[in-house]
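Coordinates as given in target06.tsv (TSV, C-alpha atoms and all ligand atoms):
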```
chain	number	residue	atom	x	y	z
A	1	MET	CA	11.08	191.48	61.52
A	2	VAL	CA	12.57	194.92	62.05
A	3	ASN	CA	12.36	197.20	59.02
A	4	ASN	CA	14.22	200.29	59.97
A	5	LYS	CA	14.54	203.17	57.54
A	6	LYS	CA	16.36	205.39	60.02
A	7	ILE	CA	19.84	206.68	59.28
A	8	HIS	CA	22.46	205.21	61.62
A	9	LYS	CA	26.09	206.07	62.21
A	10	GLY	CA	28.39	203.15	62.88
A	11	LYS	CA	32.06	202.97	63.87
A	12	ILE	CA	34.25	200.77	61.68
A	13	THR	CA	35.93	198.00	63.66
A	14	LYS	CA	37.34	195.95	60.76
A	15	VAL	CA	38.13	196.33	57.07
A	16	GLU	CA	39.80	193.20	55.79
A	17	LYS	CA	40.58	191.95	52.29
A	18	GLN	CA	39.57	188.28	52.40
A	19	ALA	CA	39.88	187.24	48.77
A	20	ASN	CA	40.39	188.63	45.30
A	21	ASP	CA	38.42	191.93	45.28
A	22	LEU	CA	36.34	190.76	48.26
A	23	PHE	CA	36.34	192.65	51.53
A	24	LEU	CA	34.79	192.05	54.95
A	25	ILE	CA	33.78	195.20	56.78
A	26	SER	CA	32.46	195.30	60.36
A	27	PHE	CA	30.98	198.26	62.12
A	28	CYS	CA	29.50	198.81	65.52
A	29	ALA	CA	26.14	200.60	65.73
A	30	ASP	CA	24.57	200.77	69.17
A	31	THR	CA	21.29	202.09	67.73
A	32	ILE	CA	20.58	198.68	66.11
A	33	ASN	CA	19.02	195.87	68.14
A	34	LYS	CA	18.21	193.12	65.68
A	35	ILE	CA	18.95	192.13	62.09
A	36	GLU	CA	17.46	189.01	60.54
A	37	PRO	CA	19.21	186.94	57.84
A	38	GLY	CA	18.19	188.20	54.39
A	39	GLN	CA	17.93	191.83	55.45
A	40	PHE	CA	20.26	194.44	54.03
A	41	VAL	CA	21.78	197.79	54.89
A	42	SER	CA	22.08	200.72	52.51
A	43	ILE	CA	25.43	202.45	52.85
A	44	LEU	CA	26.22	206.07	52.01
A	45	CYS	CA	29.36	206.09	49.87
A	46	GLY	CA	31.02	209.48	50.26
A	47	SER	CA	29.48	212.15	48.04
A	48	HIS	CA	27.34	209.71	46.00
A	49	THR	CA	23.66	210.49	46.42
A	50	LEU	CA	22.54	206.91	45.85
A	51	ARG	CA	23.27	204.57	48.73
A	52	ARG	CA	24.57	201.07	47.96
A	53	PRO	CA	22.68	198.02	49.30
A	54	PHE	CA	24.56	195.13	50.98
A	55	SER	CA	23.23	191.98	52.64
A	56	VAL	CA	24.14	191.53	56.26
A	57	TYR	CA	26.53	188.62	56.79
A	58	ASP	CA	26.47	188.78	60.58
A	59	PHE	CA	25.04	190.78	63.45
A	60	ASP	CA	26.46	190.31	66.93
A	61	GLU	CA	23.67	191.31	69.31
A	62	GLU	CA	26.04	191.76	72.26
A	63	THR	CA	28.54	194.08	70.61
A	64	LYS	CA	25.97	195.46	68.11
A	65	THR	CA	28.42	194.76	65.33
A	66	ILE	CA	27.25	194.37	61.73
A	67	SER	CA	29.42	192.58	59.18
A	68	VAL	CA	29.08	192.83	55.43
A	69	TYR	CA	31.07	191.24	52.62
A	70	PHE	CA	31.43	193.39	49.53
A	71	LYS	CA	32.96	192.86	46.14
A	72	LEU	CA	34.85	195.76	44.58
A	73	LYS	CA	32.82	196.95	41.64
A	74	GLY	CA	32.71	200.70	41.06
A	75	ASP	CA	33.06	204.00	42.90
A	76	GLY	CA	30.79	203.10	45.84
A	77	THR	CA	32.54	199.91	46.85
A	78	LYS	CA	35.94	201.56	46.21
A	79	TYR	CA	34.92	204.25	48.73
A	80	ILE	CA	33.88	201.63	51.33
A	81	SER	CA	37.17	199.77	50.87
A	82	SER	CA	39.04	203.00	51.66
A	83	LEU	CA	37.42	203.33	55.11
A	84	LYS	CA	39.66	202.72	58.12
A	85	VAL	CA	39.07	201.35	61.62
A	86	GLY	CA	37.55	204.16	63.71
A	87	ASP	CA	35.93	205.93	60.73
A	88	THR	CA	32.21	206.63	60.77
A	89	ILE	CA	29.92	204.77	58.36
A	90	ASP	CA	26.47	206.13	57.52
A	91	PHE	CA	23.81	203.54	56.72
A	92	ILE	CA	20.06	202.92	56.63
A	93	GLY	CA	18.63	199.65	57.86
A	94	ALA	CA	18.22	196.94	58.40
A	95	MET	CA	15.75	196.78	55.56
A	96	GLY	CA	13.70	194.24	53.66
A	97	ASN	CA	12.13	190.97	54.70
A	98	CYS	CA	14.05	187.92	55.87
A	99	PHE	CA	14.39	184.17	55.39
A	100	SER	CA	12.21	181.85	57.45
A	101	ILE	CA	14.05	179.88	60.13
A	102	SER	CA	13.33	176.21	59.47
A	103	GLY	CA	13.86	173.37	61.93
A	104	GLU	CA	13.88	170.90	59.02
A	105	LYS	CA	16.84	169.71	56.99
A	106	SER	CA	17.97	172.71	54.95
A	107	LEU	CA	20.31	173.37	52.06
A	108	VAL	CA	21.78	176.84	51.64
A	109	ILE	CA	23.37	177.75	48.32
A	110	GLY	CA	25.44	180.89	47.89
A	111	ALA	CA	26.95	181.80	44.54
A	112	GLY	CA	29.66	184.47	44.54
A	113	VAL	CA	29.11	187.12	47.18
A	114	GLY	CA	25.55	185.73	47.44
A	115	PHE	CA	26.96	183.43	50.10
A	116	ALA	CA	26.72	186.31	52.62
A	117	PRO	CA	23.00	186.33	53.53
A	118	VAL	CA	22.52	182.55	53.30
A	119	PHE	CA	25.62	181.73	55.35
A	120	TYR	CA	24.39	184.20	58.01
A	121	LEU	CA	21.12	182.26	57.95
A	122	ALA	CA	22.98	178.92	58.15
A	123	ASN	CA	24.49	180.00	61.50
A	124	LYS	CA	20.95	180.09	62.89
A	125	LEU	CA	19.82	176.72	61.49
A	126	LYS	CA	20.41	173.40	63.26
A	127	ASN	CA	20.17	170.91	60.41
A	128	VAL	CA	21.88	172.59	57.49
A	129	TYR	CA	24.21	171.83	54.58
A	130	LYS	CA	26.10	174.67	52.91
A	131	VAL	CA	27.09	175.03	49.25
A	132	ALA	CA	29.42	177.81	48.07
A	133	ALA	CA	30.10	178.51	44.39
A	134	PHE	CA	32.79	180.85	43.12
A	135	ALA	CA	34.73	181.46	39.92
A	136	SER	CA	38.02	180.33	41.46
A	137	GLU	CA	39.65	179.45	44.80
A	138	LYS	CA	41.21	182.92	44.91
A	139	ASP	CA	37.69	184.40	45.12
A	140	ILE	CA	36.75	182.43	48.25
A	141	PRO	CA	37.03	184.34	51.53
A	142	TYR	CA	39.39	182.52	53.91
A	143	ASP	CA	36.85	182.77	56.76
A	144	ILE	CA	34.12	180.60	55.25
A	145	THR	CA	33.54	176.87	55.37
A	146	ALA	CA	31.03	174.82	53.36
A	147	ASP	CA	29.96	171.21	52.85
A	148	TYR	CA	30.28	171.58	49.08
A	149	PHE	CA	32.39	173.97	47.03
A	150	ALA	CA	32.16	174.43	43.27
A	151	THR	CA	34.55	176.61	41.29
A	152	ASP	CA	34.34	177.38	37.58
A	153	ASP	CA	38.05	176.58	37.12
A	154	GLY	CA	38.09	173.55	39.45
A	155	THR	CA	40.67	175.04	41.84
A	156	LYS	CA	38.45	174.15	44.84
A	157	GLY	CA	35.76	171.49	45.08
A	158	LYS	CA	33.74	170.44	42.08
A	159	LYS	CA	34.77	171.86	38.71
A	160	GLY	CA	32.34	174.00	36.73
A	161	SER	CA	29.04	175.69	37.48
A	162	VAL	CA	27.26	174.67	40.66
A	163	LEU	CA	24.21	174.13	38.43
A	164	ASN	CA	25.93	171.04	36.96
A	165	TYR	CA	25.80	169.48	40.45
A	166	LEU	CA	22.43	170.75	41.65
A	167	ASP	CA	20.57	167.46	41.12
A	168	GLU	CA	23.40	165.44	42.68
A	169	ILE	CA	23.58	167.66	45.80
A	170	ILE	CA	19.80	167.81	46.24
A	171	GLN	CA	19.54	164.01	45.95
A	172	GLU	CA	22.44	163.51	48.40
A	173	VAL	CA	21.18	165.98	51.05
A	174	ASN	CA	17.45	165.48	50.46
A	175	PRO	CA	16.51	168.82	52.04
A	176	LYS	CA	13.02	170.00	52.96
A	177	ILE	CA	13.91	173.59	52.11
A	178	ILE	CA	16.52	175.33	49.95
A	179	TYR	CA	17.69	178.90	50.59
A	180	ALA	CA	19.74	180.65	47.92
A	181	CYS	CA	21.34	183.91	46.85
A	182	GLY	CA	23.46	184.63	43.79
A	183	PRO	CA	23.15	185.57	40.13
A	184	MET	CA	19.68	185.42	38.59
A	185	ILE	CA	20.53	182.44	36.36
A	186	VAL	CA	21.49	180.38	39.44
A	187	LEU	CA	18.38	181.45	41.39
A	188	LYS	CA	16.10	180.58	38.47
A	189	ALA	CA	17.63	177.10	38.18
A	190	ILE	CA	17.29	176.54	41.95
A	191	ALA	CA	13.65	177.69	41.90
A	192	GLU	CA	12.97	175.28	39.01
A	193	ALA	CA	14.75	172.45	40.85
A	194	GLY	CA	12.56	173.19	43.88
A	195	ILE	CA	9.44	172.77	41.75
A	196	LYS	CA	10.84	169.58	40.16
A	197	TYR	CA	11.67	167.94	43.53
A	198	ASN	CA	8.70	169.50	45.41
A	199	ILE	CA	11.05	171.32	47.79
A	200	LYS	CA	10.25	174.80	49.12
A	201	THR	CA	12.76	177.43	47.94
A	202	GLU	CA	13.44	180.86	49.41
A	203	ILE	CA	15.66	183.05	47.29
A	204	ALA	CA	17.18	186.47	47.96
A	205	MET	CA	16.93	188.58	44.81
A	206	GLU	CA	19.24	191.40	43.71
A	207	LYS	CA	18.09	194.31	41.59
A	208	ILE	CA	19.77	197.64	41.01
A	209	MET	CA	18.29	199.96	43.62
A	210	ALA	CA	17.88	203.72	43.70
A	211	CYS	CA	15.76	204.66	46.73
A	212	SER	CA	15.94	201.26	48.59
A	213	VAL	CA	12.69	202.08	50.41
A	214	GLY	CA	9.88	201.14	48.01
A	215	VAL	CA	9.27	204.57	46.47
A	216	CYS	CA	11.00	204.79	43.05
A	217	ARG	CA	9.73	201.36	41.81
A	218	GLY	CA	13.11	200.81	40.15
A	219	CYS	CA	13.52	197.33	41.61
A	220	VAL	CA	10.19	195.77	40.63
A	221	ILE	CA	9.93	192.06	39.80
A	222	LYS	CA	6.88	190.01	38.81
A	223	VAL	CA	5.48	187.47	41.27
A	224	LYS	CA	2.48	185.10	40.99
A	225	ASP	CA	-0.02	185.02	43.85
A	226	GLU	CA	-1.77	181.79	44.96
A	227	ASN	CA	-4.46	182.27	42.26
A	228	GLY	CA	-1.84	182.64	39.53
A	229	ASN	CA	-2.38	186.41	39.21
A	230	ILE	CA	0.78	188.35	38.38
A	231	GLN	CA	1.72	191.16	40.73
A	232	ASN	CA	4.54	193.71	40.78
A	233	LYS	CA	6.68	193.51	43.92
A	234	THR	CA	9.65	195.62	44.95
A	235	VAL	CA	12.84	193.77	45.85
A	236	CYS	CA	13.79	196.47	48.39
A	237	LYS	CA	10.54	196.55	50.37
A	238	ASP	CA	8.54	193.38	49.60
A	239	GLY	CA	11.79	191.36	49.30
A	240	PRO	CA	14.61	190.72	48.91
A	241	VAL	CA	13.50	187.19	49.92
A	242	PHE	CA	10.82	185.55	47.75
A	243	ASP	CA	9.31	182.10	47.42
A	244	GLY	CA	11.19	180.75	44.38
A	245	SER	CA	8.07	179.04	43.00
A	246	GLU	CA	6.22	182.39	42.84
A	247	VAL	CA	8.79	184.45	40.94
A	248	VAL	CA	8.04	185.03	37.25
A	249	TRP	CA	11.46	184.74	35.58
B	301	LIG	C1	19.48	193.48	48.29
B	301	LIG	C2	20.90	193.55	47.76
B	301	LIG	C3	21.92	192.98	48.50
B	301	LIG	C4	23.24	193.05	48.04
B	301	LIG	N1	24.22	192.48	48.79
B	301	LIG	C5	25.50	192.55	48.41
B	301	LIG	C6	26.53	192.01	49.21
B	301	LIG	O1	26.29	191.45	50.30
B	301	LIG	N2	27.82	192.14	48.77
B	301	LIG	C7	28.12	192.74	47.57
B	301	LIG	O2	29.30	192.82	47.21
B	301	LIG	N3	27.15	193.26	46.77
B	301	LIG	C8	25.86	193.19	47.18
B	301	LIG	N4	24.88	193.75	46.40
B	301	LIG	C9	25.28	194.44	45.15
B	301	LIG	C10	25.84	195.83	45.52
B	301	LIG	O3	24.79	196.65	45.96
B	301	LIG	C11	26.51	196.47	44.30
B	301	LIG	O4	27.62	195.68	43.91
B	301	LIG	C12	27.00	197.86	44.65
B	301	LIG	O5	25.89	198.71	44.83
B	301	LIG	C13	27.90	198.39	43.56
B	301	LIG	O6	28.19	199.73	43.84
B	301	LIG	P1	29.42	200.46	43.15
B	301	LIG	O7	29.22	201.92	43.29
B	301	LIG	O8	30.72	199.92	43.64
B	301	LIG	O9	29.31	199.98	41.65
B	301	LIG	P2	28.70	200.75	40.39
B	301	LIG	O10	28.53	199.73	39.33
B	301	LIG	O11	29.53	201.97	40.08
B	301	LIG	O12	27.27	201.21	40.87
B	301	LIG	C14	26.56	202.16	40.13
B	301	LIG	C15	25.11	202.12	40.63
B	301	LIG	O13	24.50	200.89	40.34
B	301	LIG	C16	24.06	200.24	41.52
B	301	LIG	N5	24.38	198.82	41.41
B	301	LIG	C17	25.38	198.28	40.70
B	301	LIG	N6	25.34	196.94	40.77
B	301	LIG	C18	24.30	196.62	41.56
B	301	LIG	C19	23.73	195.41	42.01
B	301	LIG	N7	24.22	194.21	41.66
B	301	LIG	N8	22.66	195.46	42.83
B	301	LIG	C20	22.15	196.64	43.19
B	301	LIG	N9	22.62	197.84	42.78
B	301	LIG	C21	23.68	197.82	41.97
B	301	LIG	C22	24.81	200.91	42.64
B	301	LIG	O14	24.09	200.83	43.90
B	301	LIG	C23	24.95	202.31	42.13
B	301	LIG	O15	23.79	203.05	42.37
B	301	LIG	C24	23.55	193.69	46.81
B	301	LIG	C25	22.51	194.26	46.06
B	301	LIG	C26	21.21	194.19	46.52
B	301	LIG	C27	20.10	194.79	45.71
B	302	LIG	S1	14.81	200.78	44.95
B	302	LIG	FE1	13.21	202.23	44.89
B	302	LIG	S2	11.45	200.97	45.04
B	302	LIG	FE2	13.09	199.59	45.34
```
Kindly return the structure encoded in the file as C-alpha cells.
Ligand SMILES: Cc1cc2nc3c(=O)[nH]c(=O)nc-3n(C[C@H](O)[C@H](O)[C@H](O)COP(=O)(O)OP(=O)(O)OC[C@H]3O[C@@H](n4cnc5c(N)ncnc54)[C@H](O)[C@@H]3O)c2cc1C
Ligand code: FES
Amino acid sequence: MVNNKKIHKGKITKVEKQANDLFLISFCADTINKIEPGQFVSILCGSHTLRRPFSVYDFDEETKTISVYFKLKGDGTKYISSLKVGDTIDFIGAMGNCFSISGEKSLVIGAGVGFAPVFYLANKLKNVYKVAAFASEKDIPYDITADYFATDDGTKGKKGSVLNYLDEIIQEVNPKIIYACGPMIVLKAIAEAGIKYNIKTEIAMEKIMACSVGVCRGCVIKVKDENGNIQNKTVCKDGPVFDGSEVVW
C-alpha cells in the first residue's frame, strides 16, 4: 500500500454532474503511481485551510487519472464543483489503508456516495456482486451498474432501506466476504450481519477529519484487538478500512 502525504498538483480533465447534487471529477496527476481501493485523497478547497477527504473511485495507471465522486454539501464541495477542465487541483494522497483483494465470492455494498470506494474495489474482483442504495433514482449516477439497487422511495430496485433486504441478499449471494461503505447505521448493521452469518466484513468508515494525517486525533474510533482489549484508532491513518467485527459501535 502506498501512503503518500505529499502535496500533488493535478490537472482537471472532467467535471460532470451525474445525478442530483452528485458530481464526478477526474484529474490527471503524473506524480501518482498507484492508488488502492479504499484509499482517499484530501483536496484543498480554495482558501479553506482544512482539506476535504474523498475516496478514490478510480485510478487509471496508464493516464494517471484519479476520479472521485462528490456530493454537494457545503463550501468545500461547492468550490470543487466550480472547477473547470484544465484547472489545477491541489491534493494530498493517496492516504489511508485499503480493502483486501479477495479471490472468493464477494458482496460489495455502497450506500449513497459510499458506493465510490467499494465499486472501485469491485472492478478489481473476479467473483463479485454489487449492491447500491440511494434515497431515490435521481440520486443514482448514470455511470454505475449494480446487481441490486434499493431506493428509499422505490423509484429504482427494491423499495426502502437496503437494511430491510440485507438478509435476503446475503442468503441469495452467499458471499465469503462483504465490503461496505456508507452511513454509520448501515455499516453497523452490515458488521452485525457478518457476525451473524460468520462472514468476514471490511468496512470503510467516515469521520469528520481535520489534519487527515493522524496528528490531531479528531477522527478516532474504538476498535477491539484479538484479546478483546479496546484501542483508539484513527480513521485517517489506521483506516479508513476496518474489520467490521472489531469496531466498537
Ligand atoms: C475517508 C473519507 C472519505 C470520503 N469520501 C467521500 C466521497 O467519496 N464522496 C463524498 O461526497 N464525500 C466523501 N466524504 C465526505 C466529505 O469529506 C465531506 O462531504 C466533505 O468534506 C464536505 O465538505 P464541505 O466543505 O462541502 O461541507 P461542510 O459541511 O461545509 O464541511 C465543513 C467541514 O466538515 C468536514 N466534513 C463535513 N462532512 C464530513 C464528512 N462526512 N466526513 C468528513 N469530513 C466532513 C469538512 O471536511 C470540513 O472540514 C468522505 C469522508 C471521509 C472521512
Ligand atoms: S483527522 Fe487528524 S488524526 Fe485523523
Can I get the residues of chain A within 7 Å of ligand LIG 301 (chain B), each with the closest pair of atoms and their distance in Å to one decimal, using all atoms listed in the file, sorted chain first then ascending number, as a Markdown table?
```
| residue | atom | partner | partner_atom | distance |
| --- | --- | --- | --- | --- |
| A:Phe40 | CA | B:LIG301 | C1 | 5.9 |
| A:Leu50 | CA | B:LIG301 | O15 | 5.3 |
| A:Arg51 | CA | B:LIG301 | O14 | 6.2 |
| A:Arg52 | CA | B:LIG301 | O14 | 4.1 |
| A:Pro53 | CA | B:LIG301 | O3 | 4.2 |
| A:Phe54 | CA | B:LIG301 | N1 | 3.5 |
| A:Ser55 | CA | B:LIG301 | O1 | 3.9 |
| A:Val56 | CA | B:LIG301 | O1 | 6.3 |
| A:Val68 | CA | B:LIG301 | O1 | 6.0 |
| A:Tyr69 | CA | B:LIG301 | N2 | 5.1 |
| A:Phe70 | CA | B:LIG301 | O2 | 3.2 |
| A:Lys71 | CA | B:LIG301 | O2 | 3.8 |
| A:Leu72 | CA | B:LIG301 | O8 | 5.9 |
| A:Lys73 | CA | B:LIG301 | O8 | 4.2 |
| A:Gly74 | CA | B:LIG301 | O8 | 3.4 |
| A:Asp75 | CA | B:LIG301 | O7 | 4.4 |
| A:Gly76 | CA | B:LIG301 | O7 | 3.2 |
| A:Thr77 | CA | B:LIG301 | O8 | 3.7 |
| A:Lys78 | CA | B:LIG301 | O8 | 6.0 |
| A:Val113 | CA | B:LIG301 | N2 | 5.4 |
| A:Gly114 | CA | B:LIG301 | O1 | 6.4 |
| A:Ala116 | CA | B:LIG301 | O1 | 5.7 |
| A:Pro117 | CA | B:LIG301 | O1 | 6.9 |
| A:Met205 | CA | B:LIG301 | C1 | 6.5 |
| A:Glu206 | CA | B:LIG301 | C27 | 4.0 |
| A:Lys207 | CA | B:LIG301 | C27 | 4.6 |
| A:Ile208 | CA | B:LIG301 | N9 | 3.4 |
| A:Met209 | CA | B:LIG301 | N9 | 4.9 |
| A:Ala210 | CA | B:LIG301 | O15 | 6.1 |
| A:Cys236 | CA | B:LIG301 | C1 | 6.4 |
| A:Pro240 | CA | B:LIG301 | C1 | 5.6 |
```
Counting only C-alpha atoms and all ligand atoms, give me one row per residue of chain A with an atom at most 7 Å from an atom of ligand LIG 302 (chain B), showing the shortest contact pair and its distance in Å to one decimal, sorted by chain then residue number, as a Markdown table.
```
| residue | atom | partner | partner_atom | distance |
| --- | --- | --- | --- | --- |
| A:Met209 | CA | B:LIG302 | S1 | 3.8 |
| A:Ala210 | CA | B:LIG302 | S1 | 4.4 |
| A:Cys211 | CA | B:LIG302 | FE1 | 4.0 |
| A:Ser212 | CA | B:LIG302 | S1 | 3.8 |
| A:Val213 | CA | B:LIG302 | FE1 | 5.5 |
| A:Gly214 | CA | B:LIG302 | S2 | 3.4 |
| A:Val215 | CA | B:LIG302 | S2 | 4.4 |
| A:Cys216 | CA | B:LIG302 | FE1 | 3.9 |
| A:Arg217 | CA | B:LIG302 | S2 | 3.7 |
| A:Gly218 | CA | B:LIG302 | FE1 | 4.9 |
| A:Cys219 | CA | B:LIG302 | FE2 | 4.4 |
| A:Val220 | CA | B:LIG302 | FE2 | 6.7 |
| A:Thr234 | CA | B:LIG302 | FE2 | 5.3 |
| A:Val235 | CA | B:LIG302 | FE2 | 5.8 |
| A:Cys236 | CA | B:LIG302 | FE2 | 4.4 |
| A:Lys237 | CA | B:LIG302 | FE2 | 6.4 |
```
ask   = Between A:Lys14, A:Lys233, A:Lys124, A:Lys196, which one has atoms that come closest to Ser245 (chain A), using all atoms listed in the file?
value =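 Residue with the minimum atom-to-atom distance to Ser245 (chain A): A:Lys196.
Between CA of Val247 (chain A) and CA of Ile185 (chain A) the interatomic distance comes to 12.8 Å.
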task = Enter the distance from CA of Thr65 (chain A) to CA of Asn33 (chain A), in Å, rounded to one decimal.
result = 9.9 Å
Which of A:Asn97, A:Ile89, A:Ser136, A:Pro141 sits closest to Glu16 (chain A) [using all atoms listed in the file] = A:Pro141
message = Need the shell around region 143-147 of chain A: protein/DNA/RNA residues with any atom at most 8 Å away, counting all atoms listed in the file. Skip same-chain ones fewer than 6 positions apart. Format as number ranges by chain?
response = A: 18, 129-132
request  = Using CA of Cys45 (chain A) and CA of Ile221 (chain A) as the two end points, give the distance in Å to one decimal.
outcome  =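 Result for CA of Cys45 (chain A) versus CA of Ile221 (chain A): 26.0 Å, one decimal.
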If you count all atoms listed in the file, which residues fall within 8 Å of region 197-203 of chain A, apart from same-chain ones fewer than 3 positions away, as a CSV table (one decimal) with C-alpha atoms, in the frame of the given file?
```csv
chain,number,residue,atom,x,y,z
A,99,PHE,CA,14.4,184.2,55.4
A,175,PRO,CA,16.5,168.8,52.0
A,176,LYS,CA,13.0,170.0,53.0
A,177,ILE,CA,13.9,173.6,52.1
A,178,ILE,CA,16.5,175.3,50.0
A,179,TYR,CA,17.7,178.9,50.6
A,180,ALA,CA,19.7,180.6,47.9
A,181,CYS,CA,21.3,183.9,46.8
A,187,LEU,CA,18.4,181.4,41.4
A,190,ILE,CA,17.3,176.5,42.0
A,191,ALA,CA,13.6,177.7,41.9
A,193,ALA,CA,14.8,172.4,40.8
A,194,GLY,CA,12.6,173.2,43.9
A,240,PRO,CA,14.6,190.7,48.9
A,241,VAL,CA,13.5,187.2,49.9
A,242,PHE,CA,10.8,185.6,47.8
A,243,ASP,CA,9.3,182.1,47.4
A,244,GLY,CA,11.2,180.8,44.4
A,245,SER,CA,8.1,179.0,43.0
```
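Each of A:Leu107, A:Leu24, A:Ile80, A:Ile66 was checked against Ile169 (chain A) using all atoms listed in the file; the smallest atom-to-atom distance is that of A:Leu107.
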Please put the answer as lines of an AutoDock Vina configuration file: centre and edge lengths, in Å with one decimal, of a box along x, y and z that encloses all listed atoms of region 192-211 of chain A plus 6 Å on each side.
```
center_x = 14.2
center_y = 186.3
center_z = 44.2
size_x = 23.1
size_y = 48.7
size_z = 22.4
```
